[in-house]
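All remarks here apply to the structure that follows.
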Amino acid sequence: MATGNDLRRIALSLDGTTEAPHFDRTAFKVARIFVTLAADGRTANIKFTAEEQEFKCMLAPGAFTPVPNAWGKQGWTTLSLAALGVAELRNALEMAWQHAQPKKRK
């Protein structure tokens, strides 16, 4: 069972990640926000691609749920931390962190 403290520890261990307030949540970002942690530490919203979101929600519907509305259509997914193991959380964070890297200039 993962916790908000696990999320914070893992997210901040990813190269270049910073933590900052984001409305009523805590955001973790590199060039862009890739995950936000709820104030109660029980859930987080994480940014996947549409394909990753579909796969994660199908694989573990108790742990991953699309955020309602247009945010969910953009890949934002709610994590129920208690339904995830620490290794699963790390995998999800690393996936989202990869997408948040600065865009490479040509």
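Lettering and numbering for the structure tokens are positional, with chains as A, B, ... in the shown order, residues counted from 1 in each chain, and ligands counted from 1 in the shown order.
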
Non-local contacts of Ala2 in chain A (8 Å; only C-alpha atoms; under 2 positions in same chain excluded) as a short mmCIF file (atom, residue, chain, number, x, y, z; two decimals) with N, CA, C and O atoms, in the first residue's frame:
data_model
loop_
_atom_site.label_atom_id
_atom_site.label_comp_id
_atom_site.auth_asym_id
_atom_site.auth_seq_id
_atom_site.Cartn_x
_atom_site.Cartn_y
_atom_site.Cartn_z
N GLY A 4 1.02 8.98 0.48
CA GLY A 4 1.43 10.28 -0.03
C GLY A 4 2.91 10.54 0.22
O GLY A 4 3.59 11.15 -0.61
N ASP A 6 5.22 8.23 0.23
CA ASP A 6 5.93 7.45 -0.80
C ASP A 6 5.95 8.22 -2.12
O ASP A 6 6.97 8.30 -2.78
N LEU A 7 4.81 8.79 -2.49
CA LEU A 7 4.75 9.55 -3.74
C LEU A 7 5.74 10.70 -3.70
O LEU A 7 6.51 10.90 -4.64
N LEU A 81 -3.93 5.84 -3.91
CA LEU A 81 -2.62 5.37 -3.44
C LEU A 81 -2.71 4.09 -2.62
O LEU A 81 -1.86 3.21 -2.75
N ALA A 82 -3.76 3.92 -1.82
CA ALA A 82 -3.90 2.72 -0.98
C ALA A 82 -4.07 1.46 -1.83
O ALA A 82 -3.79 0.36 -1.35
N ALA A 83 -4.49 1.61 -3.08
CA ALA A 83 -4.70 0.46 -3.96
C ALA A 83 -3.45 0.10 -4.76
O ALA A 83 -3.46 -0.86 -5.53
N LEU A 84 -2.37 0.85 -4.55
CA LEU A 84 -1.13 0.62 -5.29
C LEU A 84 -0.01 0.16 -4.36
O LEU A 84 0.09 0.63 -3.23
N GLY A 85 0.84 -0.70 -4.88
CA GLY A 85 2.09 -1.01 -4.19
C GLY A 85 3.10 0.08 -4.52
O GLY A 85 2.93 0.83 -5.49
N VAL A 86 4.15 0.16 -3.76
CA VAL A 86 5.18 1.18 -3.98
C VAL A 86 5.84 1.00 -5.35
O VAL A 86 6.10 1.98 -6.05
N LEU A 89 3.52 2.35 -7.98
CA LEU A 89 3.53 3.81 -7.92
C LEU A 89 4.78 4.34 -8.59
O LEU A 89 4.72 5.28 -9.39
#

- [ ] List every residue of range 9-66 of chain A that DSSP, applied to the backbone of this structure, places in helix (DSSP H, G or I), and write the result as an MDAnalysis selection string.
- [x] chainID A and resid 9:13 50:59

Write to file, as a PDB file, in the first residue's frame, the residues of the selection just made, with C-alpha atoms.
ATOM      1  CA  ARG A   9       9.841  10.609  -1.882  1.00  0.00           C
ATOM      2  CA  ILE A  10       9.755   8.853  -5.266  1.00  0.00           C
ATOM      3  CA  ALA A  11       8.762  11.947  -7.261  1.00  0.00           C
ATOM      4  CA  LEU A  12      11.531  14.053  -5.737  1.00  0.00           C
ATOM      5  CA  SER A  13      14.074  11.295  -6.456  1.00  0.00           C
ATOM      6  CA  ALA A  50      -4.391   8.429 -23.594  1.00  0.00           C
ATOM      7  CA  GLU A  51      -3.117   4.921 -24.373  1.00  0.00           C
ATOM      8  CA  GLU A  52      -1.318   4.598 -21.029  1.00  0.00           C
ATOM      9  CA  GLN A  53      -4.405   5.826 -19.200  1.00  0.00           C
ATOM     10  CA  GLU A  54      -6.645   3.317 -20.964  1.00  0.00           C
ATOM     11  CA  PHE A  55      -4.244   0.462 -20.196  1.00  0.00           C
ATOM     12  CA  LYS A  56      -3.747   1.388 -16.513  1.00  0.00           C
ATOM     13  CA  CYS A  57      -7.490   1.860 -15.920  1.00  0.00           C
ATOM     14  CA  MET A  58      -8.258  -1.477 -17.574  1.00  0.00           C
ATOM     15  CA  LEU A  59      -5.472  -3.285 -15.699  1.00  0.00           C
TER      16      LEU A  59
END

Task: Among listed residues A:Asn91, A:Thr49, A:Gly62, A:Pro21, nearest Leu37 in chain A (using only C-alpha atoms) - done: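 Looking at the shortest contact to Leu37 in chain A, the residue is A:Pro21.
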
Open item on the list: Please identify the strand (DSSP E or B) residues within range 53-82 of chain A (assignment by DSSP from backbone atoms) and present them as a PyMOL selection string.
Closed with: chain A and resi 64-66+76-80

Go ahead and dump the residues you just picked, N, CA, C and O atoms, as a short mmCIF file (atom, residue, chain, number, x, y, z; two decimals), in the first residue's frame.
data_model
loop_
_atom_site.label_atom_id
_atom_site.label_comp_id
_atom_site.auth_asym_id
_atom_site.auth_seq_id
_atom_site.Cartn_x
_atom_site.Cartn_y
_atom_site.Cartn_z
N PHE A 64 -6.66 3.13 -10.66
CA PHE A 64 -6.56 4.18 -11.68
C PHE A 64 -7.95 4.50 -12.22
O PHE A 64 -8.67 3.60 -12.64
N THR A 65 -8.30 5.79 -12.25
CA THR A 65 -9.58 6.25 -12.78
C THR A 65 -9.35 7.54 -13.55
O THR A 65 -8.70 8.45 -13.03
N PRO A 66 -9.89 7.65 -14.77
CA PRO A 66 -9.74 8.93 -15.49
C PRO A 66 -10.35 10.08 -14.68
O PRO A 66 -11.42 9.92 -14.08
N TRP A 76 -5.16 12.83 -17.84
CA TRP A 76 -5.04 12.98 -16.39
C TRP A 76 -5.87 11.89 -15.71
O TRP A 76 -7.02 11.67 -16.06
N THR A 77 -5.23 11.21 -14.78
CA THR A 77 -5.78 10.01 -14.16
C THR A 77 -5.62 10.10 -12.64
O THR A 77 -4.56 10.48 -12.15
N THR A 78 -6.68 9.77 -11.92
CA THR A 78 -6.62 9.77 -10.46
C THR A 78 -6.09 8.43 -9.97
O THR A 78 -6.54 7.37 -10.41
N LEU A 79 -5.10 8.50 -9.09
CA LEU A 79 -4.54 7.31 -8.45
C LEU A 79 -5.11 7.20 -7.04
O LEU A 79 -5.09 8.17 -6.30
N SER A 80 -5.57 6.02 -6.67
CA SER A 80 -5.91 5.74 -5.29
C SER A 80 -4.67 5.09 -4.69
O SER A 80 -4.36 3.92 -4.98
#

Open item on the list: Need to verify the contact set: Lys104 in chain A, 12 Å, only C-alpha atoms, exclusion of same-chain residues closer than 4 positions in sequence. Can you return it as a PyMOL selection string?
Closed with: chain A and resi 31+99-100

TODO: With a distance cut-off of 7 Å and only C-alpha atoms, select the neighbouring residues of Thr36 in chain A, excluding the residue or stretch itself and same-chain residues fewer than 4 positions from it, and output the selection as a PyMOL selection string.
DONE: chain A and resi 25-28+44-46

Open item on the list: Between A:Arg90, A:Gln101, A:Pro61, A:Pro68, which residue has the minimum interatomic distance to Ile33 in chain A, considering only C-alpha atoms?
Closed with: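 Selected residue with least distance to Ile33 in chain A: A:Gln101.
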